[in-house]
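Colleague: Okay, so here is start.pdb, and as you'll see once you scroll down, it has PDB, C-alpha atoms, pLDDT in the B column.
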ATOM      1  CA  MET Z   1     -17.505 -12.387  38.130  1.00 91.00           C
ATOM      2  CA  VAL Z   2     -15.637 -10.041  35.743  1.00 94.00           C
ATOM      3  CA  LEU Z   3     -15.883 -12.644  32.977  1.00 96.00           C
ATOM      4  CA  LEU Z   4     -19.650 -12.859  33.364  1.00 96.00           C
ATOM      5  CA  GLU Z   5     -19.887  -9.051  33.398  1.00 96.00           C
ATOM      6  CA  LEU Z   6     -17.765  -8.866  30.238  1.00 96.00           C
ATOM      7  CA  TYR Z   7     -19.911 -11.477  28.518  1.00 97.00           C
ATOM      8  CA  TRP Z   8     -23.143  -9.757  29.559  1.00 96.00           C
ATOM      9  CA  SER Z   9     -21.933  -6.255  28.629  1.00 95.00           C
ATOM     10  CA  PHE Z  10     -20.797  -7.332  25.173  1.00 94.00           C
ATOM     11  CA  LEU Z  11     -23.922  -9.446  24.718  1.00 93.00           C
ATOM     12  CA  LEU Z  12     -25.985  -6.281  25.283  1.00 92.00           C
ATOM     13  CA  ILE Z  13     -23.736  -4.355  22.906  1.00 92.00           C
ATOM     14  CA  GLY Z  14     -24.108  -7.047  20.275  1.00 87.00           C
ATOM     15  CA  PHE Z  15     -27.900  -7.118  20.556  1.00 84.00           C
ATOM     16  CA  SER Z  16     -28.332  -3.351  20.583  1.00 84.00           C
ATOM     17  CA  SER Z  17     -25.909  -2.258  17.874  1.00 80.00           C
ATOM     18  CA  PHE Z  18     -25.538  -2.924  14.199  1.00 72.00           C
ATOM     19  CA  GLY Z  19     -21.823  -3.646  14.051  1.00 74.00           C
ATOM     20  CA  GLY Z  20     -18.923  -1.533  12.961  1.00 76.00           C
ATOM     21  CA  LEU Z  21     -18.693   2.050  14.147  1.00 79.00           C
ATOM     22  CA  SER Z  22     -22.155   1.960  15.685  1.00 79.00           C
ATOM     23  CA  MET Z  23     -20.741  -0.310  18.407  1.00 86.00           C
ATOM     24  CA  ILE Z  24     -18.103   2.163  19.572  1.00 88.00           C
ATOM     25  CA  PRO Z  25     -20.353   4.436  21.697  1.00 89.00           C
ATOM     26  CA  GLN Z  26     -21.776   1.437  23.500  1.00 91.00           C
ATOM     27  CA  ILE Z  27     -18.391  -0.212  24.005  1.00 91.00           C
ATOM     28  CA  SER Z  28     -17.040   3.074  25.319  1.00 91.00           C
ATOM     29  CA  SER Z  29     -19.953   3.512  27.697  1.00 92.00           C
ATOM     30  CA  GLN Z  30     -19.754  -0.049  29.042  1.00 93.00           C
ATOM     31  CA  VAL Z  31     -16.007  -0.277  29.581  1.00 93.00           C
ATOM     32  CA  ILE Z  32     -15.787   3.181  31.152  1.00 93.00           C
ATOM     33  CA  SER Z  33     -18.813   2.667  33.429  1.00 94.00           C
ATOM     34  CA  HIS Z  34     -17.411  -0.655  34.674  1.00 95.00           C
ATOM     35  CA  GLY Z  35     -13.994   0.923  35.227  1.00 94.00           C
ATOM     36  CA  TRP Z  36     -12.268  -1.487  32.852  1.00 94.00           C
ATOM     37  CA  MET Z  37     -10.798   1.326  30.750  1.00 93.00           C
ATOM     38  CA  THR Z  38     -10.459   5.106  30.595  1.00 91.00           C
ATOM     39  CA  ALA Z  39     -11.696   7.285  27.725  1.00 89.00           C
ATOM     40  CA  SER Z  40      -8.111   7.620  26.502  1.00 90.00           C
ATOM     41  CA  GLN Z  41      -7.687   3.828  26.493  1.00 93.00           C
ATOM     42  CA  VAL Z  42     -10.939   3.463  24.517  1.00 91.00           C
ATOM     43  CA  THR Z  43      -9.540   5.856  21.911  1.00 90.00           C
ATOM     44  CA  ASP Z  44      -6.403   3.721  21.746  1.00 91.00           C
ATOM     45  CA  ILE Z  45      -8.300   0.451  21.277  1.00 91.00           C
ATOM     46  CA  VAL Z  46     -10.450   1.983  18.546  1.00 89.00           C
ATOM     47  CA  ALA Z  47      -7.311   3.091  16.713  1.00 88.00           C
ATOM     48  CA  ILE Z  48      -5.691  -0.330  17.128  1.00 90.00           C
ATOM     49  CA  ALA Z  49      -8.912  -2.139  16.206  1.00 89.00           C
ATOM     50  CA  GLU Z  50      -9.108  -0.094  12.991  1.00 86.00           C
ATOM     51  CA  MET Z  51      -5.555  -1.143  12.076  1.00 85.00           C
ATOM     52  CA  THR Z  52      -5.998  -4.854  12.736  1.00 87.00           C
ATOM     53  CA  PRO Z  53      -7.771  -7.220  10.362  1.00 88.00           C
ATOM     54  CA  GLY Z  54     -11.293  -8.274  11.233  1.00 86.00           C
ATOM     55  CA  PRO Z  55     -14.525  -6.683  12.383  1.00 88.00           C
ATOM     56  CA  LEU Z  56     -14.089  -3.468  14.346  1.00 88.00           C
ATOM     57  CA  GLY Z  57     -16.494  -4.407  17.144  1.00 88.00           C
ATOM     58  CA  LEU Z  58     -14.921  -7.807  17.634  1.00 90.00           C
ATOM     59  CA  ASN Z  59     -11.428  -6.316  17.669  1.00 92.00           C
ATOM     60  CA  CYS Z  60     -12.518  -3.735  20.247  1.00 92.00           C
ATOM     61  CA  ALA Z  61     -14.113  -6.481  22.339  1.00 93.00           C
ATOM     62  CA  THR Z  62     -10.875  -8.466  22.213  1.00 94.00           C
ATOM     63  CA  PHE Z  63      -8.751  -5.526  23.375  1.00 93.00           C
ATOM     64  CA  ALA Z  64     -11.257  -4.424  26.029  1.00 93.00           C
ATOM     65  CA  GLY Z  65     -11.588  -7.969  27.357  1.00 95.00           C
ATOM     66  CA  MET Z  66      -7.794  -8.332  27.470  1.00 95.00           C
ATOM     67  CA  GLN Z  67      -7.523  -5.064  29.383  1.00 93.00           C
ATOM     68  CA  ALA Z  68     -10.184  -6.109  31.895  1.00 94.00           C
ATOM     69  CA  ALA Z  69      -9.326  -9.770  32.497  1.00 95.00           C
ATOM     70  CA  GLY Z  70      -6.565 -11.018  30.204  1.00 96.00           C
ATOM     71  CA  ILE Z  71      -7.147 -13.815  27.692  1.00 97.00           C
ATOM     72  CA  PRO Z  72     -10.221 -15.204  29.496  1.00 97.00           C
ATOM     73  CA  GLY Z  73     -11.680 -11.683  29.384  1.00 97.00           C
ATOM     74  CA  ALA Z  74     -11.018 -11.431  25.652  1.00 96.00           C
ATOM     75  CA  VAL Z  75     -12.762 -14.774  25.117  1.00 97.00           C
ATOM     76  CA  ALA Z  76     -15.752 -13.736  27.258  1.00 97.00           C
ATOM     77  CA  ALA Z  77     -16.092 -10.383  25.465  1.00 96.00           C
ATOM     78  CA  ASN Z  78     -15.818 -12.053  22.049  1.00 95.00           C
ATOM     79  CA  LEU Z  79     -18.410 -14.684  22.929  1.00 95.00           C
ATOM     80  CA  GLY Z  80     -20.718 -11.929  24.171  1.00 94.00           C
ATOM     81  CA  THR Z  81     -20.204  -9.977  20.961  1.00 92.00           C
ATOM     82  CA  LEU Z  82     -20.712 -12.983  18.691  1.00 92.00           C
ATOM     83  CA  THR Z  83     -23.711 -14.599  20.413  1.00 93.00           C
ATOM     84  CA  PRO Z  84     -26.250 -12.002  19.211  1.00 86.00           C
ATOM     85  CA  ALA Z  85     -24.874 -11.909  15.681  1.00 81.00           C
ATOM     86  CA  LEU Z  86     -24.931 -15.683  15.323  1.00 89.00           C
ATOM     87  CA  THR Z  87     -28.401 -15.919  16.835  1.00 90.00           C
ATOM     88  CA  LEU Z  88     -29.878 -13.115  14.753  1.00 81.00           C
ATOM     89  CA  CYS Z  89     -28.208 -14.330  11.551  1.00 82.00           C
ATOM     90  CA  ALA Z  90     -29.669 -17.782  12.044  1.00 86.00           C
ATOM     91  CA  VAL Z  91     -33.141 -16.329  12.604  1.00 87.00           C
ATOM     92  CA  ALA Z  92     -32.771 -13.852   9.725  1.00 79.00           C
ATOM     93  CA  ALA Z  93     -31.647 -16.592   7.354  1.00 79.00           C
ATOM     94  CA  ALA Z  94     -34.733 -18.607   8.208  1.00 80.00           C
ATOM     95  CA  PHE Z  95     -37.046 -15.702   7.380  1.00 75.00           C
ATOM     96  CA  PHE Z  96     -35.024 -13.798   4.765  1.00 64.00           C
ATOM     97  CA  ASN Z  97     -36.982 -14.777   1.668  1.00 66.00           C
ATOM     98  CA  ARG Z  98     -40.280 -14.042   3.350  1.00 75.00           C
ATOM     99  CA  PHE Z  99     -39.450 -10.461   4.398  1.00 75.00           C
ATOM    100  CA  ARG Z 100     -36.919  -9.406   1.749  1.00 69.00           C
ATOM    101  CA  ASN Z 101     -39.284  -7.081  -0.111  1.00 81.00           C
ATOM    102  CA  SER Z 102     -41.436  -6.092   2.863  1.00 84.00           C
ATOM    103  CA  ARG Z 103     -42.451  -2.418   2.957  1.00 88.00           C
ATOM    104  CA  ILE Z 104     -42.367  -2.525   6.746  1.00 86.00           C
ATOM    105  CA  MET Z 105     -38.769  -3.744   6.729  1.00 78.00           C
ATOM    106  CA  GLN Z 106     -37.774  -0.964   4.329  1.00 82.00           C
ATOM    107  CA  LYS Z 107     -39.412   1.628   6.616  1.00 87.00           C
ATOM    108  CA  ILE Z 108     -37.685   0.186   9.676  1.00 81.00           C
ATOM    109  CA  LEU Z 109     -34.328   0.494   7.928  1.00 76.00           C
ATOM    110  CA  LEU Z 110     -35.110   4.097   6.968  1.00 87.00           C
ATOM    111  CA  GLY Z 111     -35.494   4.853  10.672  1.00 89.00           C
ATOM    112  CA  VAL Z 112     -32.483   2.892  11.847  1.00 84.00           C
ATOM    113  CA  ARG Z 113     -29.953   4.403   9.424  1.00 88.00           C
ATOM    114  CA  PRO Z 114     -30.172   7.986  10.790  1.00 94.00           C
ATOM    115  CA  ALA Z 115     -29.859   6.664  14.345  1.00 92.00           C
ATOM    116  CA  CYS Z 116     -26.642   4.854  13.405  1.00 88.00           C
ATOM    117  CA  LEU Z 117     -25.314   7.975  11.719  1.00 92.00           C
ATOM    118  CA  GLY Z 118     -26.085  10.017  14.836  1.00 93.00           C
ATOM    119  CA  MET Z 119     -24.193   7.554  17.014  1.00 89.00           C
ATOM    120  CA  ILE Z 120     -21.225   7.625  14.634  1.00 91.00           C
ATOM    121  CA  LEU Z 121     -21.196  11.441  14.701  1.00 94.00           C
ATOM    122  CA  GLY Z 122     -21.243  11.311  18.505  1.00 91.00           C
ATOM    123  CA  VAL Z 123     -18.185   9.063  18.466  1.00 87.00           C
ATOM    124  CA  ILE Z 124     -16.445  11.361  15.979  1.00 90.00           C
ATOM    125  CA  VAL Z 125     -16.978  14.357  18.269  1.00 91.00           C
ATOM    126  CA  SER Z 126     -15.800  12.388  21.301  1.00 88.00           C
ATOM    127  CA  LEU Z 127     -12.697  11.071  19.527  1.00 86.00           C
ATOM    128  CA  ALA Z 128     -11.952  14.512  18.057  1.00 89.00           C
ATOM    129  CA  MET Z 129     -12.042  16.083  21.524  1.00 89.00           C
ATOM    130  CA  ASP Z 130      -9.698  13.409  22.842  1.00 86.00           C
ATOM    131  CA  ASN Z 131      -7.290  13.628  19.894  1.00 87.00           C
ATOM    132  CA  TYR Z 132      -7.343  17.266  18.787  1.00 92.00           C
ATOM    133  CA  VAL Z 133      -7.624  19.044  22.147  1.00 90.00           C
ATOM    134  CA  ARG Z 134      -4.775  18.816  24.656  1.00 86.00           C
ATOM    135  CA  SER Z 135      -4.740  20.696  27.970  1.00 86.00           C
ATOM    136  CA  GLY Z 136      -7.687  22.806  26.897  1.00 87.00           C
ATOM    137  CA  SER Z 137      -6.224  24.025  23.598  1.00 92.00           C
ATOM    138  CA  LEU Z 138      -6.155  22.768  20.045  1.00 93.00           C
ATOM    139  CA  CYS Z 139      -3.307  20.429  19.134  1.00 92.00           C
ATOM    140  CA  TRP Z 140      -2.347  21.778  15.709  1.00 93.00           C
ATOM    141  CA  PRO Z 141       0.019  18.925  14.729  1.00 93.00           C
ATOM    142  CA  SER Z 142      -2.792  16.419  15.320  1.00 93.00           C
ATOM    143  CA  ILE Z 143      -5.190  18.548  13.296  1.00 94.00           C
ATOM    144  CA  ALA Z 144      -2.634  18.777  10.475  1.00 94.00           C
ATOM    145  CA  ILE Z 145      -2.227  14.983  10.426  1.00 95.00           C
ATOM    146  CA  GLY Z 146      -6.015  14.592  10.316  1.00 93.00           C
ATOM    147  CA  ILE Z 147      -6.378  17.057   7.437  1.00 95.00           C
ATOM    148  CA  VAL Z 148      -3.562  15.411   5.456  1.00 95.00           C
ATOM    149  CA  ASP Z 149      -5.209  12.012   6.016  1.00 95.00           C
ATOM    150  CA  LEU Z 150      -8.620  13.315   4.945  1.00 95.00           C
ATOM    151  CA  VAL Z 151      -7.231  14.842   1.747  1.00 96.00           C
ATOM    152  CA  LEU Z 152      -5.267  11.696   0.921  1.00 96.00           C
ATOM    153  CA  LEU Z 153      -8.303   9.515   1.547  1.00 95.00           C
ATOM    154  CA  LEU Z 154     -10.933  11.567  -0.270  1.00 95.00           C
ATOM    155  CA  LYS Z 155      -9.035  13.383  -3.022  1.00 95.00           C
ATOM    156  CA  CYS Z 156      -6.067  11.118  -3.762  1.00 95.00           C
ATOM    157  CA  LYS Z 157      -7.836   7.812  -3.001  1.00 94.00           C
ATOM    158  CA  VAL Z 158      -4.833   6.569  -0.985  1.00 94.00           C
ATOM    159  CA  SER Z 159      -5.512   3.218   0.690  1.00 93.00           C
ATOM    160  CA  ILE Z 160      -6.308   3.117   4.394  1.00 91.00           C
ATOM    161  CA  PRO Z 161      -3.262   0.959   5.338  1.00 91.00           C
ATOM    162  CA  VAL Z 162      -0.982   3.524   3.657  1.00 94.00           C
ATOM    163  CA  ILE Z 163      -2.726   6.377   5.500  1.00 94.00           C
ATOM    164  CA  ILE Z 164      -2.381   4.542   8.816  1.00 92.00           C
ATOM    165  CA  CYS Z 165       1.346   3.942   8.233  1.00 93.00           C
ATOM    166  CA  LEU Z 166       1.855   7.563   7.152  1.00 95.00           C
ATOM    167  CA  SER Z 167      -0.022   8.824  10.214  1.00 94.00           C
ATOM    168  CA  ALA Z 168       1.986   6.588  12.514  1.00 93.00           C
ATOM    169  CA  GLY Z 169       5.193   7.924  10.982  1.00 94.00           C
ATOM    170  CA  LEU Z 170       4.032  11.541  11.272  1.00 94.00           C
ATOM    171  CA  GLY Z 171       2.975  10.953  14.881  1.00 92.00           C
ATOM    172  CA  LEU Z 172       6.334   9.404  15.712  1.00 93.00           C
ATOM    173  CA  LEU Z 173       8.172  12.272  14.009  1.00 93.00           C
ATOM    174  CA  LEU Z 174       6.093  15.135  15.435  1.00 91.00           C
ATOM    175  CA  PHE Z 175       5.348  13.876  18.920  1.00 90.00           C
ATOM    176  CA  GLY Z 176       8.238  11.474  19.482  1.00 88.00           C
ATOM    177  CA  LEU Z 177      11.352  12.771  17.793  1.00 84.00           C
ATOM    178  CA  LEU Z 178      10.530  16.473  17.656  1.00 83.00           C
ATOM    179  CA  GLY Z 179       8.631  16.446  20.955  1.00 80.00           C
ATOM    180  CA  ILE Z 180       5.917  18.825  19.814  1.00 78.00           C
TER     181      ILE Z 180
END
Mind converting the file's structure to structure tokens?

Modeller:
Amino acid sequence: MVLLELYWSFLLIGFSSFGGLSMIPQISSQVISHGWMTASQVTDIVAIAEMTPGPLGLNCATFAGMQAAGIPGAVAANLGTLTPALTLCAVAAAFFNRFRNSRIMQKILLGVRPACLGMILGVIVSLAMDNYVRSGSLCWPSIAIGIVDLVLLLKCKVSIPVIICLSAGLGLLLFGLLGI
């Protein structure tokens, strides 16, 4: 039954999101409401999914499915995630040339983009609360790591894999070795 629930949940996520970060609020909602993961575990899978190659939503589905039901769960979640994309891509490919320059399509996209941005901002706030607030107070070492990462990414144009490795090292140093 869990496998069918995983497939169905990720099928709904796949049909109602637009991939990437816009999937995270829905994945979080589904896995927490079904009791497959906690909010802290969702934060962990998002971080791991960002570090691993491949689409973010598919990586999250793999980790969430593994957490809920092992390898069969990962397969069910991945199939659920991929079914909508494959179906919609096939349909879109059939009609692409016909609607490519449609004014209606352009207006639809103008409405969808802000909704995706709003969902991403909601995830950012949720992840920030989970990562930068500990026991009701701000966790200054975490904030410092985040600021350093932001500066390196935006000002110094450091690559994301380098930032991830640097952050992992800083986290290990600050929270592991120094015990802050």

Colleague: As a ChimeraX atom specification, please: the residues near Ala64 (chain Z) (cut-off 12 Å, only C-alpha atoms, same-chain neighbours under 4 positions excluded).

Modeller: /Z:3,6-7,9-10,24,27-32,34-39,41-46,48-49,57-60,68-78,81

Colleague: Take CA of Leu109 (chain Z) and CA of Ser16 (chain Z) and report the distance between them in Å, one decimal.

Modeller: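 The value is 14.5 Å.
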
Colleague: Could you check which of Z:Ser17, Z:Ile180, Z:Gly65, Z:Leu174 is closest to Leu88 (chain Z), using all atoms listed in the file?

Modeller: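 The answer is Z:Ser17, which sits nearest to Leu88 (chain Z).
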
Colleague: Please report the interatomic distance between CA of Leu117 (chain Z) and CA of Phe18 (chain Z) in Å with one decimal.

Modeller: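 Separation of CA of Leu117 (chain Z) and CA of Phe18 (chain Z): 11.2 Å.
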
Colleague: Between Z:Ser40, Z:Gln26, Z:Pro53, Z:Ile163, which has the minimum distance to Leu150 (chain Z) (counting all atoms listed in the file)?

Modeller: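 Checking each of Z:Ser40, Z:Gln26, Z:Pro53, Z:Ile163 against Leu150 (chain Z), counting all atoms listed in the file, the winner is Z:Ile163.
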
Colleague: Taking all atoms of region 80-88 of chain Z that the file lists, what box with edges along x, y and z, padded by 5 Å per side, do you get, with centre and edge lengths in Å to one decimal, as JSON?

Modeller:
{"center_x": -25.0, "center_y": -12.9, "center_z": 19.5, "size_x": 19.7, "size_y": 15.9, "size_z": 19.4}

Colleague: Between CA of Pro161 (chain Z) and CA of Ser142 (chain Z), what is the distance, to one decimal in Å?

Modeller: 18.4 Å

Colleague: Under the rule that all atoms listed in the file are counted, which of Z:Leu173, Z:Ile145, Z:Met66, Z:Ala94 is the nearest residue to Asn131 (chain Z)?

Modeller: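 Result for the nearest residue to Asn131 (chain Z): Z:Ile145.
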
Colleague: Near Gly171 (chain Z), within 12 Å and counting all atoms listed in the file, which residues show up once chain neighbours fewer than 4 positions away are dropped, as number ranges by chain?

Modeller: Z: 131, 141-146, 163-167, 175-180

Colleague: Determine the nearest neighbour of Pro25 (chain Z) from the options Z:Val91, Z:Ile104, Z:Ala85, Z:Ile124, counting all atoms listed in the file.

Modeller: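 Distance minimum relative to Pro25 (chain Z) lands on Z:Ile124.
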